[in-house]
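Peer 1: Okay, so here is model04.txt, and as you'll see once you scroll down, it has compact mmCIF, C-alpha atoms and all ligand atoms.
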```txt
# COMPACT_ATOMS: atom_id res chain seq x y z
CA MET O 1 0.57 -20.65 11.22
CA LEU O 2 3.36 -18.24 12.12
CA LEU O 3 5.94 -17.35 9.51
CA PRO O 4 9.49 -17.36 10.84
CA ILE O 5 11.34 -14.09 10.39
CA ALA O 6 14.93 -14.72 9.45
CA THR O 7 17.02 -12.67 11.81
CA SER O 8 20.31 -11.29 10.72
CA LEU O 9 22.68 -8.65 11.97
CA VAL O 10 23.11 -7.08 8.56
CA LYS O 11 19.71 -7.41 6.95
CA PRO O 12 16.75 -5.34 8.15
CA ILE O 13 13.36 -7.07 8.30
CA LEU O 14 10.90 -5.28 6.05
CA VAL O 15 7.29 -5.50 4.92
CA ASP O 16 6.25 -4.28 1.48
CA SER O 17 2.81 -2.98 2.43
CA HIS O 18 1.70 -2.19 -1.14
CA ALA O 19 2.79 -4.09 -4.25
CA HIS O 20 1.18 -5.25 -7.48
CA LEU O 21 2.71 -8.69 -7.99
CA GLU O 22 -0.45 -9.64 -9.88
CA MET O 23 0.49 -7.16 -12.63
CA GLU O 24 2.99 -7.78 -15.40
CA PRO O 25 5.92 -8.04 -15.67
CA LEU O 26 5.97 -9.22 -12.02
CA PHE O 27 3.24 -11.87 -12.32
CA GLN O 28 5.04 -13.96 -14.94
CA ASP O 29 8.21 -13.96 -12.81
CA ALA O 30 6.48 -14.30 -9.42
CA ASP O 31 8.82 -17.06 -8.19
CA GLY O 32 11.90 -14.95 -8.92
CA VAL O 33 10.32 -11.77 -7.53
CA VAL O 34 9.36 -13.45 -4.24
CA ARG O 35 12.75 -15.19 -3.94
CA ARG O 36 14.65 -11.91 -4.41
CA ALA O 37 12.37 -10.17 -1.90
CA ARG O 38 13.03 -12.85 0.72
CA SER O 39 16.76 -12.63 0.29
CA ALA O 40 16.55 -8.82 0.67
CA GLY O 41 14.87 -9.32 4.07
CA VAL O 42 11.24 -8.79 3.06
CA ALA O 43 9.14 -10.85 5.49
CA ALA O 44 5.74 -10.17 3.92
CA ILE O 45 4.29 -8.59 0.79
CA ILE O 46 0.76 -7.23 0.45
CA THR O 47 -0.28 -7.41 -3.16
CA VAL O 48 -3.18 -5.16 -4.13
CA GLY O 49 -5.92 -6.21 -6.55
CA ILE O 50 -7.57 -3.21 -8.25
CA ASP O 51 -10.50 -4.83 -10.09
CA LEU O 52 -12.10 -8.29 -10.01
CA GLU O 53 -9.73 -9.97 -12.45
CA ASP O 54 -6.69 -8.42 -10.81
CA ALA O 55 -7.97 -9.39 -7.33
CA ARG O 56 -8.37 -13.04 -8.41
CA ARG O 57 -4.77 -13.09 -9.66
CA ALA O 58 -3.62 -11.55 -6.37
CA LEU O 59 -5.42 -14.32 -4.44
CA GLU O 60 -3.83 -16.95 -6.67
CA LEU O 61 -0.41 -15.62 -5.60
CA ALA O 62 -1.40 -15.52 -1.93
CA GLU O 63 -2.39 -19.19 -2.13
CA ARG O 64 0.97 -20.00 -3.70
CA PHE O 65 3.24 -18.06 -1.33
CA ASP O 66 2.86 -18.09 2.49
CA ASP O 67 4.36 -14.60 2.78
CA VAL O 68 2.12 -12.93 0.18
CA PHE O 69 -1.11 -11.33 1.47
CA VAL O 70 -3.87 -9.45 -0.35
CA SER O 71 -5.74 -6.19 -0.23
CA LEU O 72 -8.46 -5.69 -2.80
CA GLY O 73 -11.05 -3.16 -3.94
CA TYR O 74 -12.04 -1.08 -6.96
CA HIS O 75 -9.29 1.45 -7.68
CA PRO O 76 -10.68 4.90 -8.59
CA HIS O 77 -9.34 4.34 -12.14
CA ASN O 78 -11.77 1.43 -12.48
CA ALA O 79 -14.71 3.04 -10.67
CA LYS O 80 -16.70 3.28 -13.91
CA ASN O 81 -16.88 -0.54 -14.04
CA ALA O 82 -17.84 -1.03 -10.41
CA ARG O 83 -21.56 -1.72 -10.66
CA GLU O 84 -23.49 -3.12 -7.70
CA LYS O 85 -22.98 -6.75 -8.73
CA ALA O 86 -19.24 -6.26 -9.14
CA LEU O 87 -18.97 -4.57 -5.74
CA ASN O 88 -20.82 -7.49 -4.13
CA GLU O 89 -18.43 -9.89 -5.79
CA MET O 90 -15.45 -7.87 -4.56
CA ALA O 91 -16.86 -7.95 -1.01
CA ASP O 92 -17.19 -11.74 -1.35
CA LEU O 93 -13.55 -12.11 -2.43
CA ALA O 94 -12.55 -9.98 0.56
CA THR O 95 -13.64 -12.76 2.92
CA HIS O 96 -10.75 -14.98 1.70
CA ARG O 97 -8.46 -15.94 4.61
CA LYS O 98 -5.46 -14.10 3.13
CA VAL O 99 -7.20 -10.76 2.55
CA VAL O 100 -5.82 -8.42 5.20
CA ALA O 101 -7.28 -5.07 4.06
CA TYR O 102 -9.81 -3.43 1.73
CA GLY O 103 -8.57 -1.12 -1.04
CA GLU O 104 -6.96 0.59 -2.75
CA ILE O 105 -9.99 2.81 -2.92
CA GLY O 106 -10.13 6.57 -3.16
CA LEU O 107 -10.01 9.43 -5.64
CA ASP O 108 -7.60 10.09 -8.50
CA TYR O 109 -8.14 13.55 -9.99
CA PHE O 110 -4.75 13.45 -11.68
CA ARG O 111 -5.53 10.83 -14.32
CA ASN O 112 -9.36 11.02 -14.22
CA TYR O 113 -9.68 7.59 -15.89
CA SER O 114 -13.17 7.41 -14.40
CA PRO O 115 -15.54 10.41 -14.13
CA ARG O 116 -15.23 12.14 -10.76
CA SER O 117 -18.88 11.51 -9.92
CA ALA O 118 -18.38 7.75 -10.40
CA GLN O 119 -15.18 7.83 -8.36
CA LYS O 120 -16.94 9.56 -5.46
CA ALA O 121 -19.93 7.22 -5.45
CA VAL O 122 -17.81 4.05 -5.62
CA PHE O 123 -15.46 5.39 -2.92
CA ALA O 124 -18.40 5.97 -0.55
CA ASP O 125 -19.91 2.53 -1.31
CA GLN O 126 -16.61 0.80 -0.64
CA LEU O 127 -15.99 2.68 2.60
CA SER O 128 -19.16 1.06 3.90
CA ILE O 129 -18.13 -2.36 2.54
CA ALA O 130 -14.78 -2.12 4.32
CA LYS O 131 -16.51 -1.03 7.52
CA SER O 132 -18.95 -3.91 7.45
CA LEU O 133 -16.06 -6.34 6.83
CA ALA O 134 -14.07 -4.69 9.67
CA LYS O 135 -10.99 -4.55 7.42
CA PRO O 136 -8.37 -1.80 7.54
CA LEU O 137 -8.56 0.62 4.60
CA VAL O 138 -5.94 1.14 1.91
CA ILE O 139 -6.58 4.62 0.50
CA HIS O 140 -5.33 5.98 -2.83
CA LEU O 141 -5.49 9.77 -3.22
CA ARG O 142 -3.89 11.67 -6.05
CA SER O 143 -4.49 15.39 -6.62
CA ALA O 144 -7.57 14.87 -4.45
CA TYR O 145 -6.37 15.16 -0.84
CA GLU O 146 -8.81 17.87 0.21
CA GLU O 147 -11.87 16.04 -1.07
CA GLY O 148 -10.68 12.58 -0.14
CA LEU O 149 -9.78 13.44 3.46
CA THR O 150 -13.05 15.33 3.91
CA GLU O 151 -14.91 12.25 2.69
CA LEU O 152 -13.00 10.06 5.17
CA GLU O 153 -13.63 12.50 8.03
CA LYS O 154 -17.37 12.38 7.25
CA ALA O 155 -17.50 8.58 6.92
CA GLY O 156 -15.32 7.79 9.95
CA PRO O 157 -14.43 6.66 12.51
CA PHE O 158 -12.75 3.52 11.19
CA PRO O 159 -12.04 1.20 14.13
CA ALA O 160 -9.96 -1.17 11.95
CA GLY O 161 -7.71 1.75 10.91
CA GLY O 162 -6.14 2.31 7.55
CA VAL O 163 -3.31 3.74 5.52
CA ILE O 164 -2.91 6.52 2.99
CA HIS O 165 -0.77 4.63 0.52
CA CYS O 166 1.91 6.27 -1.63
CA PHE O 167 1.52 9.50 0.34
CA SER O 168 1.87 12.61 -1.82
CA GLY O 169 0.07 15.24 0.26
CA ASP O 170 1.43 18.15 2.27
CA GLU O 171 2.10 18.56 6.00
CA ARG O 172 -1.54 19.45 6.73
CA ASP O 173 -2.84 16.43 4.82
CA ALA O 174 -0.48 14.22 6.82
CA GLN O 175 -1.83 15.64 10.08
CA ARG O 176 -5.44 15.08 8.99
CA ALA O 177 -4.60 11.46 8.11
CA LEU O 178 -2.94 10.96 11.52
CA ASP O 179 -5.96 12.53 13.25
CA LEU O 180 -8.14 9.93 11.49
CA GLY O 181 -5.96 7.28 13.13
CA PHE O 182 -4.43 6.36 9.77
CA HIS O 183 -0.92 5.29 8.90
CA ILE O 184 1.13 6.94 6.17
CA SER O 185 2.90 4.74 3.68
CA ILE O 186 6.16 5.87 2.13
CA PRO O 187 7.00 4.85 -1.43
CA GLY O 188 10.26 5.02 -3.40
CA THR O 189 9.57 8.63 -4.39
CA ILE O 190 11.21 9.63 -1.09
CA THR O 191 14.56 8.79 -2.72
CA TYR O 192 14.01 11.23 -5.62
CA ARG O 193 16.32 14.20 -5.63
CA LYS O 194 13.58 16.86 -5.92
CA ASN O 195 11.52 15.54 -3.02
CA ASP O 196 12.90 17.60 -0.10
CA LYS O 197 9.40 18.60 1.04
CA PHE O 198 8.33 14.98 1.38
CA ARG O 199 11.54 14.11 3.24
CA ALA O 200 10.83 16.94 5.69
CA ILE O 201 7.32 15.57 6.34
CA VAL O 202 8.64 12.03 6.86
CA SER O 203 11.28 13.28 9.29
CA ARG O 204 8.46 14.44 11.61
CA LEU O 205 5.96 11.55 11.37
CA PRO O 206 5.28 9.58 14.57
CA GLU O 207 7.26 6.35 14.57
CA ASP O 208 4.22 4.12 15.13
CA ARG O 209 2.35 5.37 12.02
CA ILE O 210 4.86 4.76 9.24
CA LEU O 211 4.68 1.99 6.66
CA LEU O 212 6.95 1.30 3.70
CA GLU O 213 5.83 0.26 0.22
CA THR O 214 7.13 -0.19 -3.29
CA ASP O 215 3.86 0.18 -5.30
CA CYS O 216 5.78 -2.02 -7.74
CA PRO O 217 6.06 -2.38 -10.71
CA PHE O 218 5.73 1.45 -10.55
CA LEU O 219 7.91 4.09 -8.86
CA ALA O 220 11.26 2.32 -8.54
CA PRO O 221 13.47 4.12 -6.00
CA GLU O 222 16.91 5.49 -6.74
CA PRO O 223 19.23 3.87 -7.85
CA LYS O 224 16.73 1.67 -9.78
CA ARG O 225 14.63 4.60 -11.00
CA GLY O 226 13.29 4.07 -14.53
CA LYS O 227 13.33 0.28 -14.21
CA ASP O 228 10.46 -2.02 -13.24
CA ASN O 229 10.17 -1.89 -9.48
CA GLU O 230 9.91 -4.99 -7.25
CA PRO O 231 9.65 -5.67 -3.48
CA ALA O 232 13.39 -6.32 -3.04
CA TYR O 233 14.04 -2.65 -3.85
CA ILE O 234 12.17 -1.53 -0.72
CA VAL O 235 15.59 -1.62 0.96
CA TYR O 236 16.53 1.66 -0.79
CA THR O 237 13.40 3.35 0.53
CA ALA O 238 14.15 2.08 4.04
CA GLN O 239 17.69 3.47 3.79
CA THR O 240 16.43 6.93 2.82
CA VAL O 241 13.82 6.91 5.59
CA ALA O 242 16.55 5.95 8.07
CA SER O 243 18.83 8.77 7.01
CA VAL O 244 15.99 11.34 6.98
CA ARG O 245 14.97 10.29 10.51
CA ASN O 246 18.53 10.02 11.80
CA THR O 247 18.27 6.39 12.71
CA SER O 248 19.39 2.99 11.43
CA VAL O 249 17.83 0.83 8.73
CA ALA O 250 17.42 -1.90 11.36
CA VAL O 251 15.26 0.40 13.51
CA VAL O 252 13.19 1.54 10.51
CA GLY O 253 12.72 -2.13 9.60
CA GLN O 254 11.68 -3.07 13.12
CA THR O 255 9.19 -0.25 13.60
CA THR O 256 7.59 -0.38 10.15
CA THR O 257 7.32 -4.18 10.31
CA ALA O 258 5.70 -3.94 13.76
CA ASN O 259 3.29 -1.27 12.43
CA ALA O 260 2.30 -3.37 9.40
CA THR O 261 1.93 -6.50 11.54
CA ARG O 262 -0.39 -4.65 13.93
CA LEU O 263 -2.49 -2.86 11.30
CA PHE O 264 -2.98 -5.84 8.96
CA GLY O 265 -2.84 -8.63 11.56
CA LEU O 266 0.01 -10.34 9.71
CA PRO O 267 1.03 -13.70 11.20
CA LEU O 268 4.67 -12.72 11.68
CA GLU O 269 6.61 -13.89 14.71
CA GLU O 270 7.98 -11.13 16.90
CA ALA O 271 11.67 -10.65 16.24
CA PRO O 272 13.62 -11.75 19.33
ZN ZN O 301 -2.42 3.71 -5.66
ZN ZN O 302 -1.29 0.47 -5.98
```
In structure tokens, how does this file's structure come out?
Peer 2:
Amino acid sequence: MLLPIATSLVKPILVDSHAHLEMEPLFQDADGVVRRARSAGVAAIITVGIDLEDARRALELAERFDDVFVSLGYHPHNAKNAREKALNEMADLATHRKVVAYGEIGLDYFRNYSPRSAQKAVFADQLSIAKSLAKPLVIHLRSAYEEGLTELEKAGPFPAGGVIHCFSGDERDAQRALDLGFHISIPGTITYRKNDKFRAIVSRLPEDRILLETDCPFLAPEPKRGKDNEPAYIVYTAQTVASVRNTSVAVVGQTTTANATRLFGLPLEEAP
């Protein structure tokens, strides 16, 4: 089934490529959250399950809402719980018809909620799971770009592609991700006053490799900073990306929606 994209002269069409609708406080207000996203022009939301319980809630939402899709995998924070049986179960869930990607998987050396050795082992295991499922990868790297990108370079190539979500690396990291054939996903942090370096990187990214995300309920963009984030607020991120790249919000919406549709195989109709 194809989802109709509402076309409008004023509203850009956007895809929130990374959200956590299955987390509170969004889960309990899912109807309201999805309704507000639709009226802001969000055509599809990918909600990301980070352990088995979270992934099941994400699938529940995807079954309820046509325009909600799922990516799932053991987040590096939860790597310590990802034993073989749990990883097999996760791989099973990933065969659900609305799962469009595998992840977020990766390394988080900022929080270190799981020991680094466990993070590395579970990352490697899940890279092979994603490859065998032929799903695009959703990669989470925090304070671990050098090690994470090296791991990806060793384990690649990845014919189904992937995305470095919530990008927080430097110019060189961005180039290595592009060389891997990956997309770079831009979160609300691009609106933060002190983020000139990130804005400079985004101004130079190739148009066909950019995605937008909220990572909600975290990282609300200006002017909602400090509040719980939700997919409707992706509009502010799109506006900042447009101004940084000297283009219109409509063009940013068109290109990022086309990129997300292509990478994740979303059943969105082409805008006329
Ligand atoms: Zn993440
Ligand atoms: Zn996330």
Peer 1: Compare O:Ser71, O:Ser243, O:Ser17, O:Asn112 by their minimum atom-to-atom distance to Thr256 (chain O), counting all atoms listed in the file, and give me the closest one.
Peer 2: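 Using all atoms listed in the file, the shortest distance to Thr256 (chain O) belongs to O:Ser17.
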Peer 1: Given 4 Å of margin on each side, can you work out the centre and size in Å (one decimal) of an axis-aligned box holding every listed atom of region 193-202 of chain O, as lines of an AutoDock Vina configuration file?
Peer 2:
```
center_x = 11.8
center_y = 15.3
center_z = 0.5
size_x = 17.0
size_y = 14.6
size_z = 20.8
```
Peer 1: In Å, rounded to a single decimal, give me how far CA of Thr95 (chain O) is from CA of Leu61 (chain O).
Peer 2: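 Between CA of Leu61 (chain O) and CA of Thr95 (chain O) the gap works out to 16.0 Å.
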Peer 1: Of the residues O:Pro115, O:Pro231, O:Gly226, O:Gly161, which is the one nearest to His18 (chain O), using only C-alpha atoms?
Peer 2: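 Ranking O:Pro115, O:Pro231, O:Gly226, O:Gly161 by distance to His18 (chain O), first place goes to O:Pro231.
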Peer 1: What are the nearest atom pairs, with distances in Å to one decimal, for all residues of chain O that come at most 9 Å from ligand ZN 302 (chain O), using all atoms listed in the file, set out by chain and rising residue number as JSON lines?
Peer 2:
```
{"residue": "O:His18", "atom": "CA", "partner": "O:ZN302", "partner_atom": "ZN", "distance": 6.3}
{"residue": "O:Ala19", "atom": "CA", "partner": "O:ZN302", "partner_atom": "ZN", "distance": 6.4}
{"residue": "O:His20", "atom": "CA", "partner": "O:ZN302", "partner_atom": "ZN", "distance": 6.4}
{"residue": "O:Thr47", "atom": "CA", "partner": "O:ZN302", "partner_atom": "ZN", "distance": 8.4}
{"residue": "O:Val48", "atom": "CA", "partner": "O:ZN302", "partner_atom": "ZN", "distance": 6.2}
{"residue": "O:Gly49", "atom": "CA", "partner": "O:ZN302", "partner_atom": "ZN", "distance": 8.1}
{"residue": "O:Ile50", "atom": "CA", "partner": "O:ZN302", "partner_atom": "ZN", "distance": 7.6}
{"residue": "O:His75", "atom": "CA", "partner": "O:ZN302", "partner_atom": "ZN", "distance": 8.2}
{"residue": "O:Gly103", "atom": "CA", "partner": "O:ZN302", "partner_atom": "ZN", "distance": 8.9}
{"residue": "O:Glu104", "atom": "CA", "partner": "O:ZN302", "partner_atom": "ZN", "distance": 6.5}
{"residue": "O:His140", "atom": "CA", "partner": "O:ZN302", "partner_atom": "ZN", "distance": 7.5}
{"residue": "O:His165", "atom": "CA", "partner": "O:ZN302", "partner_atom": "ZN", "distance": 7.7}
{"residue": "O:Cys166", "atom": "CA", "partner": "O:ZN302", "partner_atom": "ZN", "distance": 7.9}
{"residue": "O:Thr214", "atom": "CA", "partner": "O:ZN302", "partner_atom": "ZN", "distance": 8.9}
{"residue": "O:Asp215", "atom": "CA", "partner": "O:ZN302", "partner_atom": "ZN", "distance": 5.2}
{"residue": "O:Cys216", "atom": "CA", "partner": "O:ZN302", "partner_atom": "ZN", "distance": 7.7}
{"residue": "O:Phe218", "atom": "CA", "partner": "O:ZN302", "partner_atom": "ZN", "distance": 8.4}
```
Peer 1: Selected residues, C-alpha atoms, written as an mmCIF file, keeping the file's coordinate frame, please.
Peer 2:
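Produced file result00.cif, reproduced below:
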```cif
data_model
loop_
_atom_site.group_PDB
_atom_site.id
_atom_site.type_symbol
_atom_site.label_atom_id
_atom_site.label_comp_id
_atom_site.auth_asym_id
_atom_site.auth_seq_id
_atom_site.Cartn_x
_atom_site.Cartn_y
_atom_site.Cartn_z
ATOM 1 C CA HIS O 18 1.700 -2.190 -1.140
ATOM 2 C CA ALA O 19 2.790 -4.090 -4.250
ATOM 3 C CA HIS O 20 1.180 -5.250 -7.480
ATOM 4 C CA THR O 47 -0.280 -7.410 -3.160
ATOM 5 C CA VAL O 48 -3.180 -5.160 -4.130
ATOM 6 C CA GLY O 49 -5.920 -6.210 -6.550
ATOM 7 C CA ILE O 50 -7.570 -3.210 -8.250
ATOM 8 C CA HIS O 75 -9.290 1.450 -7.680
ATOM 9 C CA GLY O 103 -8.570 -1.120 -1.040
ATOM 10 C CA GLU O 104 -6.960 0.590 -2.750
ATOM 11 C CA HIS O 140 -5.330 5.980 -2.830
ATOM 12 C CA HIS O 165 -0.770 4.630 0.520
ATOM 13 C CA CYS O 166 1.910 6.270 -1.630
ATOM 14 C CA THR O 214 7.130 -0.190 -3.290
ATOM 15 C CA ASP O 215 3.860 0.180 -5.300
ATOM 16 C CA CYS O 216 5.780 -2.020 -7.740
ATOM 17 C CA PHE O 218 5.730 1.450 -10.550
#
```
Peer 1: For Ile234 (chain O), please output as a compact mmCIF listing (two decimals) with C-alpha atoms, in the coordinates of the input all residues within 8 Å (counting all atoms listed in the file; exclusion window: fewer than 2 positions along the same chain).
Peer 2:
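Now in selection.txt:
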```txt
# COMPACT_ATOMS: atom_id res chain seq x y z
CA LEU O 14 10.90 -5.28 6.05
CA ASP O 16 6.25 -4.28 1.48
CA GLY O 188 10.26 5.02 -3.40
CA LEU O 212 6.95 1.30 3.70
CA GLU O 213 5.83 0.26 0.22
CA THR O 214 7.13 -0.19 -3.29
CA PRO O 221 13.47 4.12 -6.00
CA GLU O 230 9.91 -4.99 -7.25
CA PRO O 231 9.65 -5.67 -3.48
CA ALA O 232 13.39 -6.32 -3.04
CA TYR O 236 16.53 1.66 -0.79
CA THR O 237 13.40 3.35 0.53
CA ALA O 238 14.15 2.08 4.04
```
Peer 1: As an exercise, work out the distance from CA of Tyr109 (chain O) to CA of Ser143 (chain O) in Å and give it to one decimal place.
Peer 2: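 That distance, rounded to one decimal, is 5.3 Å.
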Peer 1: Kindly indicate which residue among O:Lys154, O:Val244, O:Glu63, O:Ala258 lies nearest to Asp196 (chain O), using all atoms listed in the file for the distances.
Peer 2: O:Val244
Peer 1: Using all atoms listed in the file, can you tell me which of O:Ile190, O:Leu72, O:Ala121, O:Leu59 comes closest to Ile139 (chain O)?
Peer 2: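 Closest candidate: O:Leu72.
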Peer 1: Which residue out of O:Asp173, O:Glu89, O:Asp54, O:Glu84 has the minimum interatomic distance to Glu153 (chain O) when only C-alpha atoms are used?
Peer 2: O:Asp173
Peer 1: State, in Å with one decimal place, the distance from CA of Gly106 (chain O) to CA of Pro76 (chain O).
Peer 2: 5.7 Å
Peer 1: Excluding region 259-261 of chain O and any residue of its chain fewer than 6 positions from it, enumerate the residues within 8 Å of it, using all atoms listed in the file, and give them as a list in words.
Peer 2: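 Contacts, with the query itself left out: Val15, Ser17, Asp208, Arg209, Ile210, Leu211, Pro267 and Leu268 of chain O.
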Peer 1: Using all atoms listed in the file, which of the listed residues (O:His96, O:Arg111, O:Arg56, O:Arg64) sits closest to ligand ZN 301 (chain O)?
Peer 2: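 The closest residue to ligand ZN 301 (chain O) is O:Arg111.
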Peer 1: Would you mind listing what lies within 9 Å of region 25-37 of chain O as a list in words, with only C-alpha atoms counted and same-chain residues fewer than 2 positions away left out?
Peer 2: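 So the residues in contact are His20, Leu21, Glu22, Met23, Ser39, Ala40, Gly41, Val42, Ala43, Ala44, Ile45, Arg57, Leu61, Phe65, Asp67, Val68, Cys216, Pro217, Asp228, Asn229, Glu230, Pro231, Ala232, Tyr233 and Ile234 of chain O.
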Peer 1: Taking only C-alpha atoms into account, produce a table as JSON lines in which each residue of region 146-165 of chain O with an atom at most 12 Å from an atom of region 262-265 of chain O appears once, together with its shortest atom pair and the distance in Å to one decimal, ordered by chain and rising number.
Peer 2:
```
{"residue": "O:Pro159", "atom": "CA", "partner": "O:Leu263", "partner_atom": "CA", "distance": 10.8}
{"residue": "O:Ala160", "atom": "CA", "partner": "O:Leu263", "partner_atom": "CA", "distance": 7.7}
{"residue": "O:Gly161", "atom": "CA", "partner": "O:Leu263", "partner_atom": "CA", "distance": 7.0}
{"residue": "O:Gly162", "atom": "CA", "partner": "O:Leu263", "partner_atom": "CA", "distance": 7.4}
{"residue": "O:Val163", "atom": "CA", "partner": "O:Leu263", "partner_atom": "CA", "distance": 8.8}
```
Peer 1: Write out as a VMD selection string each polymer residue whose atoms come within 10 Å of Ala91 (chain O), counting all atoms listed in the file; drop sequence neighbours fewer than 5 positions from it.
Peer 2: chain O and resid 72 to 73 85 to 86 96 102 126 129 to 130 132 to 133
